[in-house]
Each structure stands twice: as structure tokens, then as C-alpha cells.
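The data block below is my_file_6.cif; it holds mmCIF, C-alpha atoms.
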data_run
loop_
_atom_site.label_atom_id
_atom_site.label_comp_id
_atom_site.auth_asym_id
_atom_site.auth_seq_id
_atom_site.Cartn_x
_atom_site.Cartn_y
_atom_site.Cartn_z
CA MET R 20 24.78 -152.53 39.92
CA THR R 21 25.33 -155.52 37.67
CA SER R 22 24.05 -158.92 38.62
CA THR R 23 27.53 -160.28 39.34
CA GLN R 24 28.90 -157.39 41.39
CA ILE R 25 29.76 -158.63 44.87
CA VAL R 26 27.93 -156.85 47.69
CA GLY R 27 28.40 -157.05 51.43
CA ASN R 28 29.10 -155.05 54.55
CA GLY R 29 32.65 -156.35 54.96
CA LEU R 30 32.13 -157.00 58.68
CA THR R 31 31.94 -160.78 58.42
CA ARG R 32 35.32 -162.35 57.72
CA LEU R 33 36.36 -165.63 56.14
CA GLU R 34 39.52 -167.05 57.63
CA GLU R 35 41.46 -169.63 55.62
CA ASP R 36 42.82 -172.38 57.87
CA GLN R 37 46.59 -172.33 57.40
CA GLN R 38 46.82 -176.12 57.66
CA TYR R 39 45.22 -176.34 54.24
CA ALA R 40 45.33 -174.61 50.86
CA LYS R 41 44.21 -171.07 50.19
CA LEU R 42 41.33 -170.33 47.83
CA PRO R 43 42.48 -170.53 44.21
CA SER R 44 41.52 -166.96 43.21
CA THR R 45 41.31 -163.54 44.83
CA LYS R 46 37.73 -163.38 43.49
CA ASN R 47 36.61 -166.38 45.53
CA LYS R 48 36.69 -164.85 49.00
CA PRO R 49 34.57 -161.73 48.21
CA TYR R 50 31.97 -163.96 46.53
CA LEU R 51 31.78 -166.39 49.44
CA GLN R 52 31.98 -163.62 52.05
CA SER R 53 28.88 -161.97 50.59
CA LYS R 54 27.04 -165.26 51.11
CA ALA R 55 28.43 -165.86 54.59
CA GLU R 56 27.45 -162.34 55.72
CA VAL R 57 23.80 -163.28 55.19
CA ALA R 58 24.00 -166.83 56.53
CA VAL R 59 25.78 -165.93 59.77
CA ARG R 60 22.90 -163.62 60.82
CA VAL R 61 20.58 -166.62 60.95
CA PRO R 62 20.32 -168.53 64.25
CA ASP R 63 22.66 -171.50 63.96
CA VAL R 64 20.25 -174.30 64.88
CA ARG R 65 16.53 -174.37 64.16
CA ILE R 66 13.90 -176.84 65.28
CA GLY R 67 11.67 -178.54 62.74
CA VAL R 68 8.62 -180.73 63.21
CA SER R 69 8.07 -183.68 60.91
CA LYS R 70 4.72 -184.70 59.45
CA LEU R 71 4.57 -187.36 62.18
CA GLY R 72 5.12 -184.80 64.92
CA LYS R 73 8.78 -185.63 65.62
CA THR R 74 11.26 -182.81 66.17
CA PHE R 75 14.69 -182.50 64.59
CA THR R 76 17.40 -179.86 64.31
CA ILE R 77 18.46 -177.99 61.20
CA ASN R 78 21.79 -176.24 60.61
CA ALA R 79 20.06 -173.13 59.29
CA ARG R 80 23.24 -171.21 58.52
CA GLN R 81 24.59 -173.95 56.30
CA ALA R 82 21.20 -174.34 54.61
CA VAL R 83 21.03 -170.62 53.81
CA MET R 84 24.61 -170.60 52.48
CA SER R 85 23.85 -173.57 50.23
CA ALA R 86 20.59 -171.99 49.09
CA GLU R 87 22.36 -168.78 48.07
CA ILE R 88 24.91 -170.66 45.97
CA ARG R 89 22.34 -173.03 44.54
CA GLY R 90 20.29 -170.01 43.48
CA ASP R 91 23.28 -168.77 41.50
CA GLU R 92 23.74 -172.21 39.97
CA GLU R 93 20.13 -172.30 38.82
CA ASN R 94 20.30 -168.76 37.41
CA HIS R 95 23.38 -169.72 35.40
CA LYS R 96 21.94 -173.08 34.30
CA TYR R 97 24.64 -174.77 36.38
CA LEU R 98 27.38 -173.25 34.20
CA TRP R 99 28.92 -171.65 37.28
CA TYR R 100 32.23 -171.79 39.13
CA TYR R 101 30.62 -172.65 42.48
CA LYS R 102 28.63 -175.82 43.16
CA ALA R 103 26.99 -176.41 46.55
CA GLU R 104 26.95 -179.81 48.26
CA VAL R 105 27.93 -182.08 45.39
CA SER R 106 27.44 -185.76 46.28
CA PHE R 107 30.51 -187.93 45.64
CA ASP R 108 30.73 -191.70 45.35
CA MET R 109 33.79 -192.64 47.39
CA PRO R 110 35.94 -195.51 46.07
CA SER R 111 36.62 -198.62 48.10
CA SER R 112 40.37 -197.96 47.92
CA SER R 113 42.17 -194.88 49.22
CA ARG R 114 43.91 -194.69 45.84
CA GLY R 115 40.69 -194.47 43.85
CA VAL R 116 39.22 -191.28 42.45
CA PRO R 117 35.84 -190.24 43.93
CA LYS R 118 33.12 -189.77 41.31
CA PRO R 119 30.55 -186.99 41.49
CA PHE R 120 27.01 -188.25 41.00
CA LEU R 121 25.45 -186.71 37.90
CA SER R 122 21.77 -186.09 37.32
CA THR R 123 19.86 -189.17 36.18
CA THR R 124 16.84 -187.13 35.11
CA GLU R 125 18.51 -185.00 32.43
CA GLY R 126 19.28 -187.68 29.87
CA SER R 127 22.78 -188.95 29.06
CA ASN R 128 24.44 -185.65 28.14
CA PRO R 129 28.01 -185.94 29.48
CA ASN R 130 27.91 -182.22 30.34
CA ARG R 131 24.78 -182.53 32.48
CA ARG R 132 24.75 -181.07 35.96
CA HIS R 133 25.58 -182.86 39.18
CA SER R 134 22.80 -184.62 41.09
CA LEU R 135 21.03 -182.39 43.60
CA THR R 136 19.87 -185.10 45.98
CA PRO R 137 21.84 -186.67 48.85
CA PHE R 138 20.28 -189.99 47.80
CA PRO R 139 21.44 -190.34 44.18
CA LYS R 140 20.92 -193.44 42.08
CA GLY R 141 23.69 -195.94 42.75
CA LEU R 142 24.31 -194.72 46.29
CA ARG R 143 26.20 -197.18 48.47
CA LYS R 144 25.75 -196.92 52.21
CA ASN R 145 28.67 -195.19 53.96
CA TYR R 146 30.35 -194.36 50.62
CA LEU R 147 28.79 -190.96 49.98
CA ARG R 148 30.41 -187.66 50.91
CA ARG R 149 28.97 -184.19 50.37
CA PRO R 150 31.46 -181.32 50.89
CA ASP R 151 29.99 -177.86 51.31
CA LEU R 152 31.38 -176.45 48.08
CA ILE R 153 33.23 -177.33 44.89
CA ILE R 154 34.98 -174.62 42.87
CA VAL R 155 35.58 -175.71 39.29
CA LYS R 156 38.21 -174.56 36.80
CA ASP R 157 35.93 -174.03 33.80
CA LYS R 158 32.35 -172.93 34.43
CA ALA R 159 31.35 -174.02 30.90
CA VAL R 160 32.02 -177.61 32.02
CA ARG R 161 29.45 -178.87 34.51
CA TRP R 162 31.58 -181.84 35.61
CA PRO R 163 32.70 -181.01 39.20
CA GLY R 164 35.31 -183.72 39.71
CA ARG R 165 38.82 -184.86 38.94
CA ALA R 166 39.82 -186.75 35.81
CA THR R 167 37.99 -190.07 35.80
CA LYS R 168 35.03 -191.87 34.25
CA ASP R 169 31.50 -191.14 35.41
CA HIS R 170 29.04 -193.85 36.43
CA ASP R 171 28.11 -194.39 32.78
CA GLY R 172 31.74 -194.98 31.82
CA VAL R 173 32.17 -191.63 30.06
CA PRO R 174 35.64 -190.11 30.68
CA HIS R 175 35.98 -186.55 31.99
CA GLY R 176 38.97 -184.27 32.42
CA ASP R 177 40.04 -182.69 35.68
CA ASN R 178 37.72 -179.73 36.32
CA LEU R 179 38.04 -179.60 40.10
CA HIS R 180 39.84 -176.48 41.30
CA ARG R 181 39.12 -176.69 45.01
CA VAL R 182 37.09 -178.59 47.60
CA VAL R 183 35.93 -176.09 50.23
CA GLU R 184 34.49 -176.83 53.64
CA ILE R 185 32.84 -173.86 55.39
CA LYS R 186 32.55 -173.86 59.16
CA PHE R 187 30.37 -171.46 61.11
CA PRO R 188 31.01 -170.69 64.81
CA GLY R 189 30.56 -173.76 66.96
CA ASP R 190 31.38 -176.24 64.19
CA SER R 191 34.68 -177.96 63.46
CA LEU R 192 36.20 -180.27 60.87
CA HIS R 193 36.21 -183.94 61.84
CA ARG R 194 39.12 -186.19 60.91
CA GLU R 195 36.98 -188.44 58.70
CA GLN R 196 35.69 -185.38 56.82
CA ALA R 197 39.20 -184.03 56.29
CA GLU R 198 40.47 -187.35 54.93
CA ALA R 199 37.51 -187.82 52.59
CA TYR R 200 37.56 -184.26 51.27
CA GLN R 201 41.29 -184.38 50.59
CA GLN R 202 40.73 -187.60 48.65
CA ILE R 203 37.99 -185.90 46.63
CA ALA R 204 40.31 -182.95 46.01
CA GLY R 205 43.27 -185.10 45.06
CA GLY R 206 45.53 -183.80 47.80
CA LEU R 207 46.09 -181.30 50.57
CA ASP R 208 46.94 -178.57 48.06
CA ARG R 209 43.38 -178.54 46.68
CA PHE R 210 41.40 -178.59 49.91
CA THR R 211 40.44 -175.34 51.68
CA LEU R 212 38.90 -174.97 55.13
CA LEU R 213 37.13 -171.65 55.75
CA HIS R 214 36.02 -170.35 59.14
CA VAL R 215 33.25 -167.75 59.22
CA ILE R 216 34.02 -164.99 61.74
CA PRO R 217 30.89 -162.93 62.58
CA PRO R 218 31.02 -159.13 63.05
CA GLY R 219 32.64 -158.11 66.35
CA LYS R 220 34.19 -161.54 66.95
CA LYS R 221 37.90 -162.15 67.33
CA ARG R 222 39.82 -164.77 65.42
CA ARG R 223 38.52 -168.24 65.98
CA GLN R 224 39.51 -170.25 69.03
CA THR R 225 40.98 -173.72 68.88
CA GLU R 226 37.90 -175.10 70.63
CA PRO R 227 34.96 -172.92 69.61
CA VAL R 228 32.26 -172.52 72.22
CA LYS R 229 28.71 -172.81 70.94
CA LYS R 230 26.75 -169.67 71.78
CA PRO R 231 22.98 -169.43 72.18
CA ALA R 232 21.22 -168.52 68.95
CA PRO R 233 20.51 -164.79 68.79
CA VAL R 234 17.00 -163.39 68.76
CA PHE R 235 16.57 -160.53 66.31
CA ALA R 236 14.42 -157.63 67.49
CA PRO R 237 11.83 -156.10 65.13
CA ARG R 238 13.06 -153.09 63.19
CA ALA R 239 11.94 -149.71 64.45
CA ASP R 240 10.73 -148.75 60.97
CA GLY R 241 8.19 -151.57 61.00
CA ILE R 242 9.59 -153.46 58.01
CA PRO R 243 9.06 -157.23 58.51
CA ARG R 244 12.28 -158.91 59.56
CA GLY R 245 12.39 -161.42 56.72
CA GLU R 246 11.67 -158.85 54.04
CA ASN R 247 14.57 -156.53 54.78
CA ARG R 248 17.35 -159.11 54.83
CA ARG R 249 18.56 -159.07 51.27
CA VAL R 250 20.38 -162.06 49.83
CA PRO R 251 23.05 -161.73 47.12
CA ILE R 252 21.82 -163.87 44.23
CA TYR R 253 23.55 -163.35 40.89
CA GLY R 254 22.57 -164.11 37.32
CA PRO R 255 23.95 -163.48 33.84
CA LYS R 256 21.46 -160.61 33.66
CA PRO R 257 20.41 -158.27 36.48
CA LEU R 258 17.54 -159.75 38.47
CA PRO R 259 14.36 -157.63 38.42
CA ASP R 260 13.82 -157.95 42.17
CA PRO R 261 16.22 -158.42 45.09
CA ALA R 262 16.22 -161.77 46.85
CA PHE R 263 15.28 -162.08 50.54
CA TYR R 264 15.46 -164.81 53.10
CA GLU R 265 12.31 -165.66 54.98
CA GLU R 266 11.44 -164.12 58.33
CA TRP R 267 10.90 -167.39 60.19
CA LEU R 268 14.67 -167.88 60.08
CA ASP R 269 15.16 -164.82 62.27
CA ASP R 270 13.35 -165.89 65.41
CA ALA R 271 15.43 -168.37 67.41
CA LYS R 272 12.59 -169.24 69.79
CA GLN R 273 9.98 -169.86 67.16
CA LEU R 274 9.03 -173.47 66.45
CA VAL R 275 9.19 -174.06 62.72
CA HIS R 276 6.45 -176.09 61.11
CA SER R 277 6.31 -177.64 57.69
CA LEU R 278 4.49 -176.75 54.51
CA ALA R 279 4.07 -180.48 53.97
CA GLU R 280 2.24 -181.50 57.12
CA ASP R 281 -1.07 -183.30 57.05
CA GLY R 282 -3.68 -180.54 56.86
CA LYS R 283 -6.36 -182.36 58.82
CA ALA R 284 -4.24 -183.51 61.74
CA LEU R 285 -2.03 -180.44 62.05
CA ALA R 286 -4.15 -177.68 60.55
CA GLN R 287 -3.26 -175.08 63.17
CA ASN R 288 0.46 -175.73 62.76
CA LEU R 289 0.11 -175.61 58.99
CA ARG R 290 -1.50 -172.17 59.12
CA GLN R 291 1.33 -171.08 61.39
CA ALA R 292 3.86 -172.35 58.83
CA VAL R 293 2.60 -170.28 55.91
CA GLY R 294 1.96 -167.34 58.23
CA GLN R 295 5.68 -167.24 58.97
CA LEU R 296 6.48 -166.53 55.33
CA SER R 297 6.87 -163.10 53.78
CA ALA R 298 3.90 -161.40 52.14
CA LYS R 299 5.36 -161.90 48.66
CA VAL R 300 5.87 -165.63 49.13
CA GLN R 301 2.44 -166.01 50.73
CA ALA R 302 0.92 -164.35 47.66
CA GLU R 303 2.82 -166.76 45.43
CA LEU R 304 1.60 -169.76 47.42
CA LYS R 305 -1.99 -168.50 47.57
CA GLN R 306 -1.97 -168.44 43.79
CA HIS R 307 -0.68 -171.97 43.40
CA ALA R 308 -1.56 -173.65 46.71
CA PRO R 309 -4.59 -172.00 48.34
CA TRP R 310 -5.25 -175.09 50.47
CA LEU R 311 -2.15 -174.32 52.56
CA PHE R 312 -4.08 -171.47 54.17
CA THR R 313 -7.01 -173.47 55.51
CA ALA R 314 -7.70 -176.67 57.41
CA GLY R 315 -8.99 -179.67 55.52
CA HIS R 316 -7.91 -182.85 53.77
CA TRP R 317 -7.29 -184.40 50.36
CA LEU R 318 -9.84 -186.78 48.80
CA GLN R 319 -9.24 -189.02 45.81
CA ASP R 320 -12.05 -188.96 43.23
CA LYS R 321 -11.38 -192.24 41.44
CA ALA R 322 -14.30 -191.83 39.04
CA ASN R 323 -12.85 -188.60 37.62
CA ASP R 324 -9.19 -189.46 38.24
CA THR R 325 -8.82 -186.30 40.35
CA TRP R 326 -7.70 -185.26 43.83
CA HIS R 327 -9.66 -182.57 45.68
CA PHE R 328 -8.74 -180.57 48.77
CA VAL R 329 -11.87 -180.03 50.89
CA ASN R 330 -11.88 -177.67 53.86
CA GLU R 331 -13.55 -178.34 57.20
CA GLN R 332 -16.79 -176.78 55.95
CA GLY R 333 -16.90 -179.22 53.04
CA LYS R 334 -15.96 -176.63 50.41
CA ARG R 335 -13.64 -177.69 47.61
CA ILE R 336 -10.57 -175.42 47.69
CA ALA R 337 -8.39 -176.93 44.95
CA SER R 338 -8.26 -179.85 42.53
CA TRP R 339 -5.47 -181.64 40.70
CA THR R 340 -6.06 -184.25 38.02
CA SER R 341 -3.80 -187.27 38.07
CA ALA R 342 -2.41 -186.15 34.71
CA GLN R 343 -1.50 -182.75 36.16
CA LEU R 344 0.17 -184.36 39.17
CA ARG R 345 2.16 -186.75 36.99
CA ALA R 346 3.33 -183.85 34.83
CA ALA R 347 4.29 -181.84 37.90
CA TRP R 348 6.12 -184.83 39.39
CA ALA R 349 8.08 -185.34 36.17
CA GLU R 350 9.19 -181.70 36.29
CA ILE R 351 10.05 -181.94 40.00
CA GLN R 352 12.19 -184.99 39.25
CA ARG R 353 13.93 -183.17 36.41
CA VAL R 354 14.98 -180.24 38.57
CA THR R 355 15.64 -182.11 41.85
CA ASP R 356 16.53 -185.76 40.97
CA LEU R 357 14.04 -186.95 43.58
CA THR R 358 12.64 -190.47 43.29
CA LEU R 359 9.39 -191.96 44.56
CA GLU R 360 11.25 -193.49 47.47
CA THR R 361 12.76 -190.15 48.49
CA LEU R 362 9.38 -188.45 48.02
CA ARG R 363 7.93 -190.86 50.53
CA GLN R 364 10.69 -190.05 53.05
CA ILE R 365 10.22 -186.26 53.00
CA ASP R 366 9.57 -185.24 56.59
CA TRP R 367 9.60 -181.46 56.38
CA THR R 368 9.75 -178.61 53.88
CA GLN R 369 9.90 -174.85 54.20
CA VAL R 370 10.75 -171.90 51.96
CA LEU R 371 14.18 -170.43 52.75
CA LEU R 372 14.70 -167.75 50.12
CA ASP R 373 12.66 -165.78 47.67
CA ILE R 374 15.18 -165.68 44.83
CA GLY R 375 13.09 -163.69 42.38
CA LYS R 376 11.82 -164.50 38.90
CA GLY R 377 9.22 -166.76 40.53
CA LEU R 378 11.90 -169.03 42.05
CA LEU R 379 11.98 -170.16 45.67
CA ALA R 380 14.79 -171.93 47.50
CA VAL R 381 13.20 -174.65 49.61
CA ALA R 382 14.77 -176.67 52.41
CA VAL R 383 13.63 -180.30 52.37
CA VAL R 384 14.41 -182.87 55.07
CA ILE R 385 14.63 -186.40 53.67
CA ALA R 386 15.33 -189.17 56.17
CA GLY R 387 17.01 -186.64 58.46
CA VAL R 388 19.19 -185.04 55.76
CA VAL R 389 18.65 -181.39 54.81
CA VAL R 390 18.84 -180.61 51.09
CA VAL R 391 18.08 -177.37 49.25
CA PHE R 392 16.16 -177.22 45.96
CA VAL R 393 15.30 -174.24 43.78
CA LEU R 394 11.73 -174.51 42.50
CA GLY R 395 9.09 -172.37 40.86
CA GLY R 396 6.06 -171.56 43.00
CA TRP R 397 3.80 -174.04 41.23
CA LEU R 398 6.33 -176.84 41.78
CA VAL R 399 6.54 -175.99 45.49
CA ALA R 400 2.75 -176.29 45.56
CA ALA R 401 2.81 -179.62 43.70
CA LEU R 402 5.52 -181.02 45.99
CA ALA R 403 3.58 -179.97 49.10
CA ALA R 404 0.41 -181.53 47.68
CA LEU R 405 2.12 -184.83 46.85
CA VAL R 406 3.70 -185.06 50.31
CA GLU R 407 0.35 -184.35 51.98
CA MET R 408 -1.50 -186.83 49.77
CA GLY R 409 1.17 -189.45 50.30
CA ALA R 410 1.01 -189.05 54.07
CA ALA R 411 -2.64 -190.05 53.95
CA ALA R 412 -2.66 -192.50 51.04
CA TRP R 413 0.84 -193.39 49.91
CA ALA R 414 -0.13 -196.49 47.93
CA ALA R 415 -2.62 -194.52 45.83
CA VAL R 416 -0.11 -191.71 45.19
CA ALA R 417 2.64 -194.16 44.22
CA VAL R 418 0.38 -195.95 41.74
CA MET R 419 -0.75 -192.62 40.29
CA LEU R 420 2.87 -191.51 39.76
CA GLY R 421 3.86 -194.76 38.13
CA GLY R 422 5.24 -196.72 41.04
CA GLY R 423 2.74 -199.55 41.15
CA ALA R 424 5.27 -202.19 42.15
CA MET R 425 6.61 -200.00 44.94
CA ALA R 426 3.13 -199.37 46.26
CA ALA R 427 2.32 -203.07 46.22
CA ALA R 428 5.55 -203.84 48.08
CA SER R 429 4.71 -201.31 50.77
#
Final C-alpha cells representation of the file:
Amino acid sequence: MTSTQIVGNGLTRLEEDQQYAKLPSTKNKPYLQSKAEVAVRVPDVRIGVSKLGKTFTINARQAVMSAEIRGDEENHKYLWYYKAEVSFDMPSSSRGVPKPFLSTTEGSNPNRRHSLTPFPKGLRKNYLRRPDLIIVKDKAVRWPGRATKDHDGVPHGDNLHRVVEIKFPGDSLHREQAEAYQQIAGGLDRFTLLHVIPPGKKRRQTEPVKKPAPVFAPRADGIPRGENRRVPIYGPKPLPDPAFYEEWLDDAKQLVHSLAEDGKALAQNLRQAVGQLSAKVQAELKQHAPWLFTAGHWLQDKANDTWHFVNEQGKRIASWTSAQLRAAWAEIQRVTDLTLETLRQIDWTQVLLDIGKGLLAVAVVIAGVVVVFVLGGWLVAALAALVEMGAAAWAAVAVMLGGGAMAAAS
């Protein structure tokens, strides 16, 4: 099977809402259906616990759907027809053309990818919209918007084929969303609303009733739940290993804890967090982040410009020099568009998908907003370390990463 061949069981259906436009191509629905078939098996709402012990809810189905598409984007270097959760700068006038936010960490190339953060540079409060999906006309052009100038004043042609909103059972399109997404699309004829119909369900009802999240029973063959739920991730070349979503997503009653909690205060929860991950991902994290598997805390060694993780027995488990952390942070910024301010606001992180080729799709909650990033294992480790260090000593971390003024202000 080639890497772009669509797979799926055909039992999950995507229903196009007749009030709006159909998908632009017959190839779109099989692609999106293969993603939805995986996402709809996940319990709809999950509970997360922040590093301060507060609980919040996560739309797990939407996060998995976005992670699948974002994995494809990364594998194709963002030269791909489908772009998940593009952030748009809405104009003050209803006649204006919304502008997609482009990455500010990839130079000034006019063909750079869209920003991956819901808090892009230049964000104006109440003027950002993030539809589930953009389908573009030309995958060789990364620009995901209509014809207009970007925030740097560079003109772009119309590359937006369709704005797509995807609704799982229990969710509906709000009027404000519909109006904003049609403005992004440039009209009703370029906005599509898809309803995901799970296996065995009839056509959607006008007022969907939210059902309790299912609890998946262990397989009789003993295969771990998370490791047998394959995810369709495509690349220009066949991937060496199939992608899987993580087993913690299966259990609706399980309380999900973060990889980025403070190890000293929440050591037991932290061990539970990594224990919920598949054996393959645990092996990846043990290689890059062994401290996640033991209780302890980070100490700053100012004399040697180094941070050490020391377990409860006083043994040094891992060390990062400030130079290594700065280099890791620069790479994290390049592939995520995160800033120091958004780093400080990260409440929760967890691995969603093992994409293969050493890449992990990670859900990150920033100020209550869920965003999905695709990172290598060592960058997941570095991000977890920086969040943990920052929770204990933010000012020192900010100065180390080059944000001296920000640290002083805080």
C-alpha cells in the first residue's frame, strides 16, 4: 500500500450539510473519512489536570482529527492540500478579507507555512478565528487564504478552495462561527459543514443529544488498546511504521495527567501520565527524558550554567546545559511558533499520536486552548523540561532563554 492510499472501514460516514457547499473534490471525503473513523472512536470529552491542579475538559475527538491532518502536513513539509486549524486575523469590517497568520519563526519567505499557534504575533483580542480545516487549491503554495496581502504587506493570490468545519456528535455550528467562516471563505459557496456519523448511527438529528463517552474494553488477544488503533498518516514516501494513537485516549473514566507537571509536587500523577503511554512512546521518552519516570525536582547549577534533575534519593537523573536548552527552545519555536509568553502559559501536555519516523503529535493546552504540535522525541523532552523548570523558577528560565525584560517585569 502506498503512503497516500486512503484506508478505512467505511462504517463512519461524513454528511455534508445541505445548507452549505459540498466538498470541492470527490477525493476529499475519503481522505477526511479515514481521519474521522479514527477520531470518532475516542471518547468525546476528556479531563485534564493542569500543573496547578485545576481540571479542564478537552475535545479529544477534534484534537485527534487535527493531529492526524497536522501529521500529514509535517510529512509533506506543509505542501499539502489540507491544513488543520489555521488562525485567521478577522478584519474590522465585514467587507474586509481575513488574513491567515503566517509563521514568524521561518524567516520572511512569502511561501512559508501558516502559524501553528492560536496565539500568533499580532493577535487582536476577539479578532481571531480558527476553522477546523482549510482545503487549498494548489498544495505547492502554502498560503491558505484568499487573495490579499499578508501581515508583511506581501500580496498573495487566492489559494483557498474551501473552509470546512467538522462536527462530531453532540456538537453544532454556532451562528457567529458560520458568519466568520463564510467571511474567511469568501461566501456561502466555499464553506462546507461536515457532520461525522459514527457506525450504527442514523442520520443526524436537528438537535443532537450528547451521549456518555464510551468505555472501550480490553481486546481478548491481549494487545494494548492504544497500540492496535492505527491512524492513517500519509507521506510522499511510505512510512516505515504505522501510526497509532495513545491508549490513554481510550478510557473514558481515566483521569489524564500531564507530562509537564511539577515532578516534586505531583510525582505520583506524573508517573501515571507516562505509564498511560504506549511501550514504544515510553521507550522514546526514556531515551530523551528519563526524569519523567521518577519523582524529583530540577536544580539550577549557576556555577556551571546547567540544570540538573535530581530524584528523591538525591541521584542526578539528567542534565541540560543552558546552551542546550536555548538551542532546543530555538528549534521548538521554529516548528511551533511558540513564544516565551505562551511557554509560560502551558498548563498541560500529553502525547496523542505516535506518527512514526521519531515524530509525536502532542496536545498542548495554552491558556485553556488546545493546540496540536508535531515534535521529535527530544523536542517533547525539552518542552516538558522547560515547562517543569518554569513552573518552579520562571524568572530564571526566561532569562536563560533570552527574555530578561519579561522576567524582570514578572
Using the chain letters and numbers from the file, give me the residues hit by the PyMOL selection byres ((chain R and resi 99) around 10), as a PDB file with C-alpha atoms, in the frame of the given file.
ATOM      1  CA  ILE R  88      24.910-170.660  45.970  1.00  0.00           C
ATOM      2  CA  ARG R  89      22.340-173.030  44.540  1.00  0.00           C
ATOM      3  CA  ASP R  91      23.280-168.770  41.500  1.00  0.00           C
ATOM      4  CA  GLU R  92      23.740-172.210  39.970  1.00  0.00           C
ATOM      5  CA  GLU R  93      20.130-172.300  38.820  1.00  0.00           C
ATOM      6  CA  ASN R  94      20.300-168.760  37.410  1.00  0.00           C
ATOM      7  CA  HIS R  95      23.380-169.720  35.400  1.00  0.00           C
ATOM      8  CA  LYS R  96      21.940-173.080  34.300  1.00  0.00           C
ATOM      9  CA  TYR R  97      24.640-174.770  36.380  1.00  0.00           C
ATOM     10  CA  LEU R  98      27.380-173.250  34.200  1.00  0.00           C
ATOM     11  CA  TYR R 100      32.230-171.790  39.130  1.00  0.00           C
ATOM     12  CA  TYR R 101      30.620-172.650  42.480  1.00  0.00           C
ATOM     13  CA  LYS R 102      28.630-175.820  43.160  1.00  0.00           C
ATOM     14  CA  ILE R 154      34.980-174.620  42.870  1.00  0.00           C
ATOM     15  CA  VAL R 155      35.580-175.710  39.290  1.00  0.00           C
ATOM     16  CA  LYS R 156      38.210-174.560  36.800  1.00  0.00           C
ATOM     17  CA  ASP R 157      35.930-174.030  33.800  1.00  0.00           C
ATOM     18  CA  LYS R 158      32.350-172.930  34.430  1.00  0.00           C
ATOM     19  CA  ALA R 159      31.350-174.020  30.900  1.00  0.00           C
ATOM     20  CA  VAL R 160      32.020-177.610  32.020  1.00  0.00           C
ATOM     21  CA  ARG R 161      29.450-178.870  34.510  1.00  0.00           C
ATOM     22  CA  GLY R 254      22.570-164.110  37.320  1.00  0.00           C
TER      23      GLY R 254
END
Exercise for the section: Quick one: pull the distance between atom CA of R:Lys186 and atom CA of R:Leu51, Å, one decimal. Expected result: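 If I compute the distance from atom CA of R:Lys186 to atom CA of R:Leu51, I get 12.3 Å.
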Problem - Distance of atom CA of R:Arg353 from atom CA of R:His180, expressed in Å to one decimal place - result: 27.2 Å
Problem - Selection near stretch 114-117 of chain R, 9 Å with only C-alpha atoms, sequence-local residues under 2 positions removed, as a list in words - result: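 So, after excluding close chain neighbours, the residues are Phe107, Asp108, Met109, Pro110, Ser111, Ser112, Pro119, Gly164, Arg165, Ala166, Thr167, Gln202, Ile203, Ala204 and Gly205 of chain R.
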Exercise for the section: Given the file shown, enumerate the residues that the PyMOL selection byres ((chain R and resi 329-336) around 8) captures and present them as number ranges by chain. Expected result: R: 309-310, 313-318, 327-328, 337-338
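For the pair atom CA of R:Ala349 and atom CA of R:Val105, the separation is 22.1 Å.
Note on the selection: in this file the PyMOL selection byres ((chain R and resi 181-183) around 6) comes out as Leu152, Ile153, Ile154, Leu179, His180, Glu184, Ala204, Arg209, Phe210, Thr211 and Leu212 of chain R.
With distances restricted to all atoms listed in the file, R:Leu398 is the closest residue to R:Gln306 from R:Leu398, R:Arg248, R:Lys118, R:Lys321.
The residue that comes closest to R:Thr368, out of R:Pro163, R:Gly172, R:Gly67, R:Gly141 and on the basis of all atoms listed in the file, is R:Gly67.
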Practice task
Point out the residue among R:Leu379, R:Ala197, R:Leu121, R:Val57 with the least atom-to-atom distance to R:Leu268, counting only C-alpha atoms.
Solution key: R:Val57
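Closest approach to R:Arg60 among R:Thr45, R:Thr76, R:Thr31, R:Gln37 is made by R:Thr31 (distances from all atoms listed in the file).
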Exercise for the section: Starting from the point (12.6, -167.2, 48.2), work out which residues of protein, DNA or RNA have an atom no more than 7 Å away when counting only C-alpha atoms; state them as number ranges by chain. Expected result: R: 262-265, 300, 370-375, 378-380
Practice task
Could you please give me, as an NGL selection string, the residues of protein, DNA or RNA lying at most 10 Å from (-2.6, -190.7, 35.3) in the coordinate frame of the file, considering all atoms listed in the file?
Solution key: :R and (324-325 or 340-346 or 418-421)
Saved selection, atoms kept: C-alpha atoms, as a PDB file, keeping the file's coordinate frame:
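Here's the written file again_39.pdb:
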ATOM      1  CA  ASP R 324      -9.190-189.460  38.240  1.00  0.00           C
ATOM      2  CA  THR R 325      -8.820-186.300  40.350  1.00  0.00           C
ATOM      3  CA  THR R 340      -6.060-184.250  38.020  1.00  0.00           C
ATOM      4  CA  SER R 341      -3.800-187.270  38.070  1.00  0.00           C
ATOM      5  CA  ALA R 342      -2.410-186.150  34.710  1.00  0.00           C
ATOM      6  CA  GLN R 343      -1.500-182.750  36.160  1.00  0.00           C
ATOM      7  CA  LEU R 344       0.170-184.360  39.170  1.00  0.00           C
ATOM      8  CA  ARG R 345       2.160-186.750  36.990  1.00  0.00           C
ATOM      9  CA  ALA R 346       3.330-183.850  34.830  1.00  0.00           C
ATOM     10  CA  VAL R 418       0.380-195.950  41.740  1.00  0.00           C
ATOM     11  CA  MET R 419      -0.750-192.620  40.290  1.00  0.00           C
ATOM     12  CA  LEU R 420       2.870-191.510  39.760  1.00  0.00           C
ATOM     13  CA  GLY R 421       3.860-194.760  38.130  1.00  0.00           C
TER      14      GLY R 421
END
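Shortest atom-to-atom contact with R:Ala86 among R:Val173, R:Val391, R:Leu192, R:Leu357: R:Val391, counting all atoms listed in the file.
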Exercise for the section: Within 8 Å of stretch 399-404 of chain R, counting only C-alpha atoms, which residues show up once you throw out same-chain ones fewer than 5 positions away? Write them as a PyMOL selection string, please. Expected result: chain R and resi 278-279+304+307-308+344+347-348+351+368+379+381+394
